[in-house]
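Visitor: Next comes the structure file protein.pdb, holding PDB, C-alpha atoms.
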MODEL        1
ATOM      1  CA  MET A   1     150.026 -56.484  12.124
ATOM      2  CA  ASN A   2     148.150 -58.253   9.354
ATOM      3  CA  LEU A   3     147.647 -56.087   6.250
ATOM      4  CA  TYR A   4     143.981 -57.140   6.010
ATOM      5  CA  GLN A   5     143.476 -55.480   9.413
ATOM      6  CA  MET A   6     143.876 -52.027   7.863
ATOM      7  CA  THR A   7     141.105 -49.715   6.748
ATOM      8  CA  LEU A   8     141.973 -47.455   3.824
ATOM      9  CA  GLU A   9     142.365 -44.520   6.244
ATOM     10  CA  ASP A  10     144.751 -46.562   8.436
ATOM     11  CA  LEU A  11     146.821 -47.446   5.400
ATOM     12  CA  GLU A  12     146.933 -43.816   4.235
ATOM     13  CA  LYS A  13     148.303 -42.804   7.650
ATOM     14  CA  TYR A  14     150.869 -45.606   7.463
ATOM     15  CA  PHE A  15     152.194 -44.452   4.085
ATOM     16  CA  GLU A  16     152.377 -40.848   5.238
ATOM     17  CA  SER A  17     154.274 -41.986   8.361
ATOM     18  CA  ILE A  18     156.990 -43.563   6.198
ATOM     19  CA  GLY A  19     157.254 -40.518   3.923
ATOM     20  CA  GLU A  20     155.151 -41.853   1.046
ATOM     21  CA  LYS A  21     152.125 -40.340  -0.682
ATOM     22  CA  LYS A  22     148.852 -41.525   0.782
ATOM     23  CA  PHE A  23     147.459 -42.538  -2.636
ATOM     24  CA  LYS A  24     149.698 -45.612  -2.348
ATOM     25  CA  ALA A  25     147.098 -46.939   0.100
ATOM     26  CA  LEU A  26     144.495 -46.956  -2.661
ATOM     27  CA  GLN A  27     146.859 -48.864  -4.930
ATOM     28  CA  VAL A  28     147.439 -51.507  -2.251
ATOM     29  CA  TYR A  29     143.680 -51.796  -1.615
ATOM     30  CA  GLU A  30     143.069 -52.388  -5.303
ATOM     31  CA  TRP A  31     145.637 -55.200  -5.379
ATOM     32  CA  LEU A  32     144.201 -56.829  -2.260
ATOM     33  CA  TYR A  33     140.479 -56.510  -2.844
ATOM     34  CA  GLN A  34     139.825 -55.742  -6.512
ATOM     35  CA  LYS A  35     142.548 -57.842  -8.156
ATOM     36  CA  LYS A  36     142.662 -60.371  -5.291
ATOM     37  CA  LYS A  37     146.452 -60.632  -5.310
ATOM     38  CA  THR A  38     148.018 -62.307  -2.285
ATOM     39  CA  ASP A  39     151.707 -61.831  -3.173
ATOM     40  CA  VAL A  40     153.141 -58.339  -2.562
ATOM     41  CA  ASP A  41     155.668 -58.871  -5.340
ATOM     42  CA  GLU A  42     152.738 -58.738  -7.746
ATOM     43  CA  PHE A  43     151.935 -55.148  -6.657
ATOM     44  CA  THR A  44     153.823 -53.964  -9.718
ATOM     45  CA  ASN A  45     152.912 -50.250  -9.502
ATOM     46  CA  LEU A  46     154.825 -50.057  -6.198
ATOM     47  CA  LYS A  47     158.611 -49.762  -6.307
ATOM     48  CA  LYS A  48     160.584 -52.788  -5.090
ATOM     49  CA  GLU A  49     161.840 -50.996  -1.958
ATOM     50  CA  LEU A  50     158.270 -50.205  -0.939
ATOM     51  CA  ARG A  51     157.145 -53.783  -1.525
ATOM     52  CA  GLU A  52     159.988 -54.973   0.720
ATOM     53  CA  LYS A  53     158.973 -52.431   3.365
ATOM     54  CA  LEU A  54     155.394 -53.775   3.314
ATOM     55  CA  LYS A  55     156.727 -57.303   3.791
ATOM     56  CA  GLU A  56     158.775 -56.114   6.763
ATOM     57  CA  ASP A  57     155.951 -54.216   8.446
ATOM     58  CA  PHE A  58     152.960 -56.465   7.799
ATOM     59  CA  SER A  59     151.914 -60.076   8.027
ATOM     60  CA  PHE A  60     149.926 -61.589   5.166
ATOM     61  CA  LYS A  61     148.987 -64.833   6.917
ATOM     62  CA  ARG A  62     145.562 -66.202   6.154
ATOM     63  CA  PRO A  63     143.373 -68.662   8.073
ATOM     64  CA  GLU A  64     143.474 -72.194   6.730
ATOM     65  CA  ILE A  65     140.329 -74.089   5.728
ATOM     66  CA  ILE A  66     140.692 -77.429   7.528
ATOM     67  CA  LYS A  67     137.196 -78.785   6.910
ATOM     68  CA  ARG A  68     134.524 -78.130   4.305
ATOM     69  CA  GLU A  69     131.020 -79.610   4.267
ATOM     70  CA  ILE A  70     128.718 -79.223   1.280
ATOM     71  CA  ASP A  71     124.955 -79.574   0.934
ATOM     72  CA  LYS A  72     122.432 -78.177  -1.539
ATOM     73  CA  ASP A  73     122.986 -74.393  -1.844
ATOM     74  CA  VAL A  74     125.136 -74.278   1.296
ATOM     75  CA  GLN A  75     128.737 -74.899   2.312
ATOM     76  CA  LYS A  76     130.243 -74.788   5.783
ATOM     77  CA  PHE A  77     133.910 -74.018   6.404
ATOM     78  CA  LEU A  78     136.033 -74.633   9.492
ATOM     79  CA  PHE A  79     138.992 -72.245   9.665
ATOM     80  CA  LEU A  80     142.192 -72.777  11.636
ATOM     81  CA  LEU A  81     143.574 -69.502  13.004
ATOM     82  CA  GLU A  82     147.227 -68.688  13.692
ATOM     83  CA  ASP A  83     146.927 -69.436  17.423
ATOM     84  CA  GLY A  84     145.338 -72.841  16.787
ATOM     85  CA  GLU A  85     141.760 -71.721  17.528
ATOM     86  CA  LYS A  86     138.954 -72.670  15.138
ATOM     87  CA  ILE A  87     135.993 -70.712  13.774
ATOM     88  CA  GLU A  88     133.243 -71.320  11.221
ATOM     89  CA  ALA A  89     131.800 -69.505   8.255
ATOM     90  CA  VAL A  90     128.838 -70.547   6.112
ATOM     91  CA  LEU A  91     128.220 -69.849   2.435
ATOM     92  CA  MET A  92     124.594 -69.780   1.272
ATOM     93  CA  GLU A  93     123.423 -69.585  -2.321
ATOM     94  CA  HIS A  94     120.277 -67.508  -2.846
ATOM     95  CA  ASN A  95     118.535 -66.595  -6.081
ATOM     96  CA  TYR A  96     119.951 -63.074  -5.691
ATOM     97  CA  GLY A  97     123.580 -64.175  -5.116
ATOM     98  CA  LEU A  98     126.014 -65.631  -2.608
ATOM     99  CA  SER A  99     125.856 -64.786   1.089
ATOM    100  CA  VAL A 100     128.512 -65.509   3.722
ATOM    101  CA  CYS A 101     127.739 -65.827   7.427
ATOM    102  CA  VAL A 102     130.864 -64.928   9.409
ATOM    103  CA  SER A 103     131.939 -65.487  13.004
ATOM    104  CA  SER A 104     132.994 -62.538  15.173
ATOM    105  CA  GLN A 105     134.462 -64.338  18.200
ATOM    106  CA  VAL A 106     136.088 -67.639  19.153
ATOM    107  CA  GLY A 107     133.280 -69.025  21.302
ATOM    108  CA  CYS A 108     130.579 -66.886  22.922
ATOM    109  CA  ASN A 109     129.771 -65.732  26.444
ATOM    110  CA  MET A 110     126.087 -64.952  25.894
ATOM    111  CA  GLY A 111     125.067 -68.456  26.982
ATOM    112  CA  CYS A 112     121.820 -68.793  25.004
ATOM    113  CA  ALA A 113     120.353 -72.143  26.082
ATOM    114  CA  PHE A 114     119.585 -73.387  22.546
ATOM    115  CA  CYS A 115     122.884 -72.319  20.930
ATOM    116  CA  GLU A 116     125.786 -74.652  20.240
ATOM    117  CA  SER A 117     128.205 -71.694  20.028
ATOM    118  CA  GLY A 118     127.378 -70.582  23.554
ATOM    119  CA  ARG A 119     128.123 -74.062  24.917
ATOM    120  CA  LEU A 120     131.798 -73.348  24.199
ATOM    121  CA  LYS A 121     132.672 -70.181  26.100
ATOM    122  CA  LYS A 122     134.367 -67.163  24.574
ATOM    123  CA  VAL A 123     138.115 -67.580  24.165
ATOM    124  CA  ARG A 124     138.754 -64.218  22.503
ATOM    125  CA  ASN A 125     137.466 -61.656  20.042
ATOM    126  CA  LEU A 126     138.333 -62.110  16.399
ATOM    127  CA  LYS A 127     140.690 -59.530  14.948
ATOM    128  CA  VAL A 128     139.552 -57.475  11.968
ATOM    129  CA  HIS A 129     141.604 -59.434   9.442
ATOM    130  CA  GLU A 130     140.248 -62.751  10.767
ATOM    131  CA  MET A 131     136.739 -61.604   9.813
ATOM    132  CA  VAL A 132     137.737 -60.034   6.475
ATOM    133  CA  LEU A 133     139.610 -63.176   5.434
ATOM    134  CA  GLN A 134     136.632 -65.448   6.085
ATOM    135  CA  VAL A 135     134.833 -63.611   3.266
ATOM    136  CA  LEU A 136     137.834 -63.155   0.994
ATOM    137  CA  THR A 137     139.101 -66.745   1.295
ATOM    138  CA  ILE A 138     135.687 -68.198   0.415
ATOM    139  CA  GLU A 139     135.289 -65.751  -2.474
ATOM    140  CA  GLU A 140     138.688 -66.710  -3.886
ATOM    141  CA  LEU A 141     138.088 -70.440  -3.415
ATOM    142  CA  LEU A 142     134.810 -70.289  -5.349
ATOM    143  CA  GLU A 143     136.053 -67.663  -7.833
ATOM    144  CA  ARG A 144     132.690 -65.942  -7.452
ATOM    145  CA  GLU A 145     131.741 -62.617  -5.906
ATOM    146  CA  ILE A 146     130.059 -62.497  -2.518
ATOM    147  CA  HIS A 147     126.826 -60.483  -2.708
ATOM    148  CA  SER A 148     126.006 -60.128   0.993
ATOM    149  CA  VAL A 149     127.467 -60.728   4.450
ATOM    150  CA  VAL A 150     125.695 -61.625   7.681
ATOM    151  CA  ILE A 151     127.563 -61.306  10.989
ATOM    152  CA  MET A 152     125.619 -64.102  12.563
ATOM    153  CA  GLY A 153     128.138 -66.894  13.123
ATOM    154  CA  ILE A 154     129.970 -67.817  16.336
ATOM    155  CA  GLY A 155     130.063 -64.947  18.840
ATOM    156  CA  GLU A 156     128.135 -61.791  19.725
ATOM    157  CA  PRO A 157     129.189 -59.045  17.268
ATOM    158  CA  LEU A 158     128.414 -56.163  19.636
ATOM    159  CA  ASP A 159     130.681 -57.784  22.248
ATOM    160  CA  ASN A 160     133.496 -57.197  19.710
ATOM    161  CA  TYR A 161     132.147 -53.807  18.651
ATOM    162  CA  ASP A 162     135.252 -51.907  17.509
ATOM    163  CA  ASN A 163     136.672 -54.747  15.422
ATOM    164  CA  VAL A 164     133.292 -55.510  13.847
ATOM    165  CA  MET A 165     132.836 -51.858  12.849
ATOM    166  CA  GLN A 166     136.306 -51.861  11.238
ATOM    167  CA  PHE A 167     135.428 -55.091   9.421
ATOM    168  CA  ILE A 168     132.224 -53.531   8.075
ATOM    169  CA  LYS A 169     134.153 -50.458   6.937
ATOM    170  CA  ILE A 170     136.608 -52.605   4.935
ATOM    171  CA  ILE A 171     134.077 -54.891   3.238
ATOM    172  CA  ASN A 172     131.756 -51.948   2.503
ATOM    173  CA  HIS A 173     134.427 -49.656   1.020
ATOM    174  CA  PRO A 174     134.136 -49.223  -2.773
ATOM    175  CA  LYS A 175     137.827 -50.129  -3.094
ATOM    176  CA  GLY A 176     137.524 -52.892  -0.489
ATOM    177  CA  LEU A 177     135.092 -55.747  -1.119
ATOM    178  CA  ALA A 178     132.468 -53.169  -2.175
ATOM    179  CA  ILE A 179     129.581 -54.970  -0.444
ATOM    180  CA  GLY A 180     126.756 -52.458  -0.071
ATOM    181  CA  ALA A 181     125.743 -51.481   3.474
ATOM    182  CA  ARG A 182     122.204 -52.731   2.844
ATOM    183  CA  HIS A 183     123.698 -56.119   1.980
ATOM    184  CA  ILE A 184     125.395 -56.352   5.403
ATOM    185  CA  THR A 185     123.395 -57.665   8.376
ATOM    186  CA  LEU A 186     124.543 -57.583  11.984
ATOM    187  CA  SER A 187     122.756 -59.900  14.402
ATOM    188  CA  THR A 188     122.804 -59.238  18.147
ATOM    189  CA  CYS A 189     121.106 -60.716  21.194
ATOM    190  CA  GLY A 190     120.501 -57.168  22.408
ATOM    191  CA  ILE A 191     123.431 -55.334  24.028
ATOM    192  CA  ILE A 192     121.606 -52.042  24.480
ATOM    193  CA  PRO A 193     124.522 -49.572  24.955
ATOM    194  CA  LYS A 194     126.103 -50.784  21.710
ATOM    195  CA  ILE A 195     122.787 -50.648  19.797
ATOM    196  CA  LYS A 196     122.542 -47.001  20.909
ATOM    197  CA  GLU A 197     126.106 -46.383  19.706
ATOM    198  CA  LEU A 198     125.378 -48.084  16.390
ATOM    199  CA  SER A 199     122.285 -45.937  15.854
ATOM    200  CA  HIS A 200     124.452 -42.784  15.739
ATOM    201  CA  LEU A 201     127.017 -44.054  13.201
ATOM    202  CA  GLY A 202     124.940 -43.221  10.152
ATOM    203  CA  ILE A 203     125.622 -46.532   8.388
ATOM    204  CA  GLN A 204     122.762 -48.194   6.541
ATOM    205  CA  ILE A 205     123.421 -51.805   7.522
ATOM    206  CA  ASN A 206     120.609 -54.158   8.547
ATOM    207  CA  LEU A 207     120.120 -54.843  12.243
ATOM    208  CA  ALA A 208     118.722 -58.209  13.326
ATOM    209  CA  ILE A 209     117.723 -58.935  16.917
ATOM    210  CA  SER A 210     117.871 -62.468  18.320
ATOM    211  CA  LEU A 211     114.550 -62.293  20.144
ATOM    212  CA  HIS A 212     113.297 -65.896  20.445
ATOM    213  CA  ALA A 213     110.694 -65.198  23.157
ATOM    214  CA  PRO A 214     107.821 -62.721  23.582
ATOM    215  CA  ASN A 215     108.066 -62.180  27.347
ATOM    216  CA  ASP A 216     110.760 -61.622  29.962
ATOM    217  CA  GLU A 217     110.193 -64.820  31.921
ATOM    218  CA  LEU A 218     110.737 -67.109  28.944
ATOM    219  CA  ARG A 219     113.438 -64.985  27.310
ATOM    220  CA  SER A 220     115.468 -64.877  30.536
ATOM    221  CA  LYS A 221     115.357 -68.690  30.694
ATOM    222  CA  LEU A 222     116.540 -68.997  27.098
ATOM    223  CA  MET A 223     118.841 -65.962  26.935
ATOM    224  CA  PRO A 224     120.694 -64.738  30.053
ATOM    225  CA  ILE A 225     121.304 -61.341  28.375
ATOM    226  CA  ASN A 226     117.620 -60.568  29.019
ATOM    227  CA  LYS A 227     118.316 -60.297  32.761
ATOM    228  CA  ALA A 228     120.656 -57.365  32.036
ATOM    229  CA  TYR A 229     118.585 -55.839  29.223
ATOM    230  CA  PRO A 230     114.903 -56.828  29.591
ATOM    231  CA  LEU A 231     112.391 -56.594  26.763
ATOM    232  CA  LYS A 232     110.833 -53.252  27.734
ATOM    233  CA  GLU A 233     114.235 -51.573  27.653
ATOM    234  CA  LEU A 234     115.247 -53.410  24.461
ATOM    235  CA  MET A 235     112.042 -52.452  22.633
ATOM    236  CA  SER A 236     112.428 -48.820  23.687
ATOM    237  CA  THR A 237     116.013 -48.777  22.379
ATOM    238  CA  LEU A 238     114.957 -50.363  19.085
ATOM    239  CA  LYS A 239     112.244 -47.745  18.599
ATOM    240  CA  GLU A 240     114.919 -45.057  19.077
ATOM    241  CA  TYR A 241     117.177 -46.904  16.621
ATOM    242  CA  ILE A 242     114.404 -47.035  13.998
ATOM    243  CA  ALA A 243     113.603 -43.335  14.479
ATOM    244  CA  LEU A 244     117.251 -42.315  14.085
ATOM    245  CA  THR A 245     118.229 -44.616  11.199
ATOM    246  CA  HIS A 246     114.894 -44.927   9.343
ATOM    247  CA  ARG A 247     115.778 -48.612   8.960
ATOM    248  CA  ARG A 248     113.496 -51.565   9.568
ATOM    249  CA  VAL A 249     114.685 -54.051  12.204
ATOM    250  CA  THR A 250     114.507 -57.826  11.801
ATOM    251  CA  MET A 251     113.336 -59.904  14.760
ATOM    252  CA  GLU A 252     114.819 -63.391  14.621
ATOM    253  CA  TYR A 253     112.693 -66.025  16.314
ATOM    254  CA  ILE A 254     113.924 -69.619  16.489
ATOM    255  CA  LEU A 255     110.953 -71.946  16.969
ATOM    256  CA  LEU A 256     111.570 -74.581  19.666
ATOM    257  CA  GLN A 257     109.066 -77.423  19.949
ATOM    258  CA  GLY A 258     106.827 -76.947  22.995
ATOM    259  CA  VAL A 259     108.943 -74.076  24.362
ATOM    260  CA  ASN A 260     108.167 -70.845  22.499
ATOM    261  CA  ASP A 261     106.073 -71.970  19.525
ATOM    262  CA  GLY A 262     102.498 -71.907  20.844
ATOM    263  CA  GLU A 263      99.702 -69.739  19.498
ATOM    264  CA  SER A 264      99.706 -67.797  22.786
ATOM    265  CA  HIS A 265     103.387 -66.970  22.194
ATOM    266  CA  ALA A 266     102.540 -65.735  18.704
ATOM    267  CA  HIS A 267      99.813 -63.452  20.056
ATOM    268  CA  GLU A 268     102.200 -62.112  22.729
ATOM    269  CA  LEU A 269     104.833 -61.463  20.072
ATOM    270  CA  ALA A 270     102.326 -59.574  17.937
ATOM    271  CA  THR A 271     101.410 -57.376  20.914
ATOM    272  CA  LEU A 272     105.096 -56.708  21.644
ATOM    273  CA  LEU A 273     105.873 -55.614  18.073
ATOM    274  CA  ARG A 274     102.682 -53.866  17.065
ATOM    275  CA  GLY A 275     103.358 -50.447  15.542
ATOM    276  CA  MET A 276     107.094 -50.998  15.120
ATOM    277  CA  ASN A 277     108.886 -50.857  11.761
ATOM    278  CA  ALA A 278     110.012 -54.442  12.188
ATOM    279  CA  TYR A 279     109.422 -57.840  10.705
ATOM    280  CA  VAL A 280     109.733 -61.324  12.161
ATOM    281  CA  ASN A 281     111.973 -63.964  10.621
ATOM    282  CA  LEU A 282     110.823 -67.354  11.912
ATOM    283  CA  ILE A 283     113.725 -69.808  11.997
ATOM    284  CA  PRO A 284     113.273 -73.602  12.084
ATOM    285  CA  TYR A 285     115.711 -74.884  14.713
ATOM    286  CA  ASN A 286     118.832 -76.810  13.709
ATOM    287  CA  GLU A 287     119.005 -79.627  16.262
ATOM    288  CA  THR A 288     122.320 -80.618  17.854
ATOM    289  CA  ASN A 289     123.336 -83.721  19.805
ATOM    290  CA  HIS A 290     124.532 -81.637  22.763
ATOM    291  CA  LEU A 291     121.295 -79.755  23.483
ATOM    292  CA  GLU A 292     117.820 -81.065  24.308
ATOM    293  CA  PHE A 293     115.748 -78.638  22.214
ATOM    294  CA  LYS A 294     113.769 -79.940  19.239
ATOM    295  CA  LYS A 295     112.685 -78.319  16.007
ATOM    296  CA  SER A 296     109.026 -77.295  15.900
ATOM    297  CA  SER A 297     106.784 -79.353  13.639
ATOM    298  CA  LYS A 298     105.709 -77.880  10.319
ATOM    299  CA  GLU A 299     102.145 -77.621  11.646
ATOM    300  CA  ARG A 300     103.222 -75.543  14.664
ATOM    301  CA  ILE A 301     105.449 -73.336  12.513
ATOM    302  CA  ASP A 302     102.584 -72.724  10.083
ATOM    303  CA  ARG A 303     100.161 -71.970  12.930
ATOM    304  CA  PHE A 304     102.594 -69.493  14.493
ATOM    305  CA  PHE A 305     103.117 -67.829  11.104
ATOM    306  CA  ASN A 306      99.376 -67.571  10.467
ATOM    307  CA  VAL A 307      98.680 -65.968  13.853
ATOM    308  CA  LEU A 308     101.265 -63.260  13.133
ATOM    309  CA  LYS A 309      99.797 -62.717   9.660
ATOM    310  CA  GLN A 310      96.298 -62.374  11.103
ATOM    311  CA  GLU A 311      97.682 -59.880  13.640
ATOM    312  CA  LYS A 312      99.089 -57.825  10.726
ATOM    313  CA  ILE A 313     102.728 -58.489  11.642
ATOM    314  CA  ASN A 314     105.215 -58.740   8.744
ATOM    315  CA  VAL A 315     106.625 -62.248   8.928
ATOM    316  CA  THR A 316     108.683 -64.697   6.875
ATOM    317  CA  ILE A 317     109.892 -68.245   7.468
ATOM    318  CA  ARG A 318     113.598 -68.584   6.849
ATOM    319  CA  ARG A 319     114.525 -71.059   4.182
ATOM    320  CA  GLU A 320     116.289 -74.052   5.704
ATOM    321  CA  PHE A 321     119.917 -74.663   4.772
ATOM    322  CA  GLY A 322     122.302 -77.497   5.497
ATOM    323  CA  SER A 323     120.059 -80.209   6.903
ATOM    324  CA  LYS A 324     122.669 -82.809   5.897
ATOM    325  CA  ILE A 325     125.703 -80.997   7.294
ATOM    326  CA  SER A 326     126.682 -79.554  10.711
ATOM    327  CA  ALA A 327     124.073 -76.879  10.297
ATOM    328  CA  ALA A 328     123.764 -75.448  13.812
ATOM    329  CA  CYS A 329     125.998 -72.461  14.476
ATOM    330  CA  GLY A 330     129.119 -73.736  16.244
ATOM    331  CA  GLN A 331     128.365 -77.395  15.541
ATOM    332  CA  LEU A 332     131.244 -77.999  13.138
ATOM    333  CA  ARG A 333     133.694 -76.364  15.538
ATOM    334  CA  SER A 334     132.344 -78.277  18.546
ATOM    335  CA  LYS A 335     133.191 -81.568  16.836
ATOM    336  CA  GLU A 336     136.804 -80.480  16.594
ATOM    337  CA  VAL A 337     137.307 -78.933  20.051
TER     338      VAL A 337
ENDMDL
END
Let me see whether you can do it: turn the structure in this file into structure tokens.
Guide:
Amino acid sequence: MNLYQMTLEDLEKYFESIGEKKFKALQVYEWLYQKKKTDVDEFTNLKKELREKLKEDFSFKRPEIIKREIDKDVQKFLFLLEDGEKIEAVLMEHNYGLSVCVSSQVGCNMGCAFCESGRLKKVRNLKVHEMVLQVLTIEELLEREIHSVVIMGIGEPLDNYDNVMQFIKIINHPKGLAIGARHITLSTCGIIPKIKELSHLGIQINLAISLHAPNDELRSKLMPINKAYPLKELMSTLKEYIALTHRRVTMEYILLQGVNDGESHAHELATLLRGMNAYVNLIPYNETNHLEFKKSSKERIDRFFNVLKQEKINVTIRREFGSKISAACGQLRSKEV
């Protein structure tokens, strides 16, 4: 097992199982995440025999960055995993700090019509350490601290629920990467049973819903998940989530030219969300050679935004990143597969 797979509690149990005091786990965590040491022999407050035991029992292998693309305020990384599969992560520079968008699966089975990631079907879930090391490797490469993490890359996070929750626990832990829960955002296309489960965990992360359409007919065409979990059921679940967590939900809405970006769609969306503690994040589409969808014009984006404003819906337009690199989620990987 890879050492970066372990939560602090897991590591405490491990040390107790080999007859050691559980505080050794805290020492190891500090070396890994606070001091960023990658060589066990540098864990100098552990006796040599214990360091050798760690080397016997754990792997320390890290994904390899095989491609890096850089544009203004954004970098995209292609990682090679141990089994030869490839995933992406994206670094974005905001005025408040650095944010990393991580992948949670190799490929994706959700099949959203506009998404490059979904074009390449799910191969497997990412393991906990494969998510942790996306963040840690980028942080070490840049020699700068990561301020926030979004689980919004390749894959559907709630389709890899247990591993994603372990990942969040590690990066959120004060002795882990110490990224505050409110600086962690999980994006899902709407797997209702897992949203319900998440609502009872008591963690203060941000939940973002990939909505992208204001009615069932259009959403089902764009997002097959809607056939299993239609909007009425999804909205009801989100209202329960908001009531239980007291957290605002983000509605992500990619604007596709002539598909979902009309003023009538904006009015429908306002009706759907009225009264909810939610806000809409309008996302200009990143076009890809493999899919026919086009980015909405600035005029249509502005009109859509203004309708929502007039309808008293909280709305923002996401800043565009990476127009000169493989910006669409999954695009860098798809070139290599």
Visitor: Considering only C-alpha atoms, can you say which of A:Asn172, A:Lys76, A:Asn314, A:Asn260 comes closest to Glu217 of chain A?
Guide: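 Checking each of A:Asn172, A:Lys76, A:Asn314, A:Asn260 against Glu217 of chain A, counting only C-alpha atoms, the winner is A:Asn260.
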Visitor: When you draw a straight line from atom CA of Glu20 of chain A to atom CA of Met165 of chain A, how long is it in Å?
Guide: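 We find that atom CA of Glu20 of chain A and atom CA of Met165 of chain A lie 27.2 Å from each other.
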Visitor: Quick one: everything within 12 Å of Tyr279 of chain A, counting all atoms listed in the file, minus sequence neighbours fewer than 5 positions away in the same chain. Send it as a ChimeraX atom specification.
Guide: /A:206-209,211,247-253,269-270,272-274,305,308-309,312-317
Visitor: Could you expand the PyMOL selection byres ((chain A and resi 197) around 12) into the explicit residues it covers here, written as an mmCIF file with C-alpha atoms, in the coordinates of the input?
Guide:
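Printed below is expr-v2.cif as written:
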data_model
loop_
_atom_site.group_PDB
_atom_site.id
_atom_site.type_symbol
_atom_site.label_atom_id
_atom_site.label_comp_id
_atom_site.auth_asym_id
_atom_site.auth_seq_id
_atom_site.Cartn_x
_atom_site.Cartn_y
_atom_site.Cartn_z
ATOM 1 C CA LEU A 158 128.414 -56.163 19.636
ATOM 2 C CA TYR A 161 132.147 -53.807 18.651
ATOM 3 C CA ASP A 162 135.252 -51.907 17.509
ATOM 4 C CA MET A 165 132.836 -51.858 12.849
ATOM 5 C CA ILE A 191 123.431 -55.334 24.028
ATOM 6 C CA ILE A 192 121.606 -52.042 24.480
ATOM 7 C CA PRO A 193 124.522 -49.572 24.955
ATOM 8 C CA LYS A 194 126.103 -50.784 21.710
ATOM 9 C CA ILE A 195 122.787 -50.648 19.797
ATOM 10 C CA LYS A 196 122.542 -47.001 20.909
ATOM 11 C CA LEU A 198 125.378 -48.084 16.390
ATOM 12 C CA SER A 199 122.285 -45.937 15.854
ATOM 13 C CA HIS A 200 124.452 -42.784 15.739
ATOM 14 C CA LEU A 201 127.017 -44.054 13.201
ATOM 15 C CA GLY A 202 124.940 -43.221 10.152
ATOM 16 C CA ILE A 203 125.622 -46.532 8.388
ATOM 17 C CA THR A 237 116.013 -48.777 22.379
ATOM 18 C CA LEU A 238 114.957 -50.363 19.085
ATOM 19 C CA GLU A 240 114.919 -45.057 19.077
ATOM 20 C CA TYR A 241 117.177 -46.904 16.621
ATOM 21 C CA LEU A 244 117.251 -42.315 14.085
ATOM 22 C CA THR A 245 118.229 -44.616 11.199
#
Visitor: Just checking: using all atoms listed in the file, which residue out of A:Pro224, A:Pro63, A:Gly258, A:Pro230 ends up closest to Ala113 of chain A?
Guide: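 For Ala113 of chain A, the nearest of the given residues is A:Pro224.
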Visitor: Separation of atom CA of Tyr285 of chain A and atom CA of Leu255 of chain A, in Å?
Guide: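 These two atoms are separated by 6.0 Å.
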Visitor: Between atom CA of Ser99 of chain A and atom CA of Leu234 of chain A, what is the spacing in Å?
Guide: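 One can read the atom CA of Leu234 of chain A to atom CA of Ser99 of chain A distance as 28.1 Å.
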Visitor: In terms of the shortest atom-to-atom distance over only C-alpha atoms, which of A:Ala228, A:Val135, A:Ala178, A:Leu141 is closest to Cys101 of chain A?
Guide: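 Answer, going by the shortest atom-to-atom distance: A:Val135.
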Visitor: Which residues, written as a PyMOL selection string, have at least one atom at most 10 Å from segment 36-48 of chain A, with only C-alpha atoms counted and residues fewer than 2 positions away on the same chain left out?
Guide: chain A and resi 24+27-34+50-55+60-62+136-137+139-140+177
Visitor: Using all atoms listed in the file, find the one residue out of A:Val280, A:Met1, A:Leu186, A:Ala243 that sits nearest to Pro214 of chain A.
Guide: A:Val280
Visitor: For Ser297 of chain A, which residue out of A:Asn277, A:Ser264, A:Leu218, A:Gln257 is the nearest one, using all atoms listed in the file?
Guide: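 Of A:Asn277, A:Ser264, A:Leu218, A:Gln257, the one nearest Ser297 of chain A, counting all atoms listed in the file, is A:Gln257.
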Visitor: Could you list, as an MDAnalysis selection string, every residue within 12 Å of Val128 of chain A, counting all atoms listed in the file and ignoring same-chain residues fewer than 3 positions away?
Guide: chainID A and resid 1:7 102:105 125 131:135 157 160:171
Visitor: Would you pick out the contacts of Leu91 of chain A at 12 Å or less, using all atoms listed in the file, so that residues sharing its chain but fewer than 6 positions from it are not included, and give the list as a tab-separated table (two decimals) with C-alpha atoms, keeping the file's coordinate frame?
Guide:
chain	number	residue	atom	x	y	z
A	68	ARG	CA	134.52	-78.13	4.30
A	69	GLU	CA	131.02	-79.61	4.27
A	70	ILE	CA	128.72	-79.22	1.28
A	71	ASP	CA	124.96	-79.57	0.93
A	72	LYS	CA	122.43	-78.18	-1.54
A	73	ASP	CA	122.99	-74.39	-1.84
A	74	VAL	CA	125.14	-74.28	1.30
A	75	GLN	CA	128.74	-74.90	2.31
A	76	LYS	CA	130.24	-74.79	5.78
A	77	PHE	CA	133.91	-74.02	6.40
A	78	LEU	CA	136.03	-74.63	9.49
A	97	GLY	CA	123.58	-64.18	-5.12
A	98	LEU	CA	126.01	-65.63	-2.61
A	99	SER	CA	125.86	-64.79	1.09
A	100	VAL	CA	128.51	-65.51	3.72
A	101	CYS	CA	127.74	-65.83	7.43
A	102	VAL	CA	130.86	-64.93	9.41
A	134	GLN	CA	136.63	-65.45	6.08
A	135	VAL	CA	134.83	-63.61	3.27
A	136	LEU	CA	137.83	-63.16	0.99
A	137	THR	CA	139.10	-66.74	1.30
A	138	ILE	CA	135.69	-68.20	0.42
A	139	GLU	CA	135.29	-65.75	-2.47
A	141	LEU	CA	138.09	-70.44	-3.42
A	142	LEU	CA	134.81	-70.29	-5.35
A	144	ARG	CA	132.69	-65.94	-7.45
A	145	GLU	CA	131.74	-62.62	-5.91
A	146	ILE	CA	130.06	-62.50	-2.52
A	147	HIS	CA	126.83	-60.48	-2.71
A	148	SER	CA	126.01	-60.13	0.99
A	149	VAL	CA	127.47	-60.73	4.45
A	150	VAL	CA	125.70	-61.62	7.68
A	152	MET	CA	125.62	-64.10	12.56
A	153	GLY	CA	128.14	-66.89	13.12
A	321	PHE	CA	119.92	-74.66	4.77
A	322	GLY	CA	122.30	-77.50	5.50
A	327	ALA	CA	124.07	-76.88	10.30
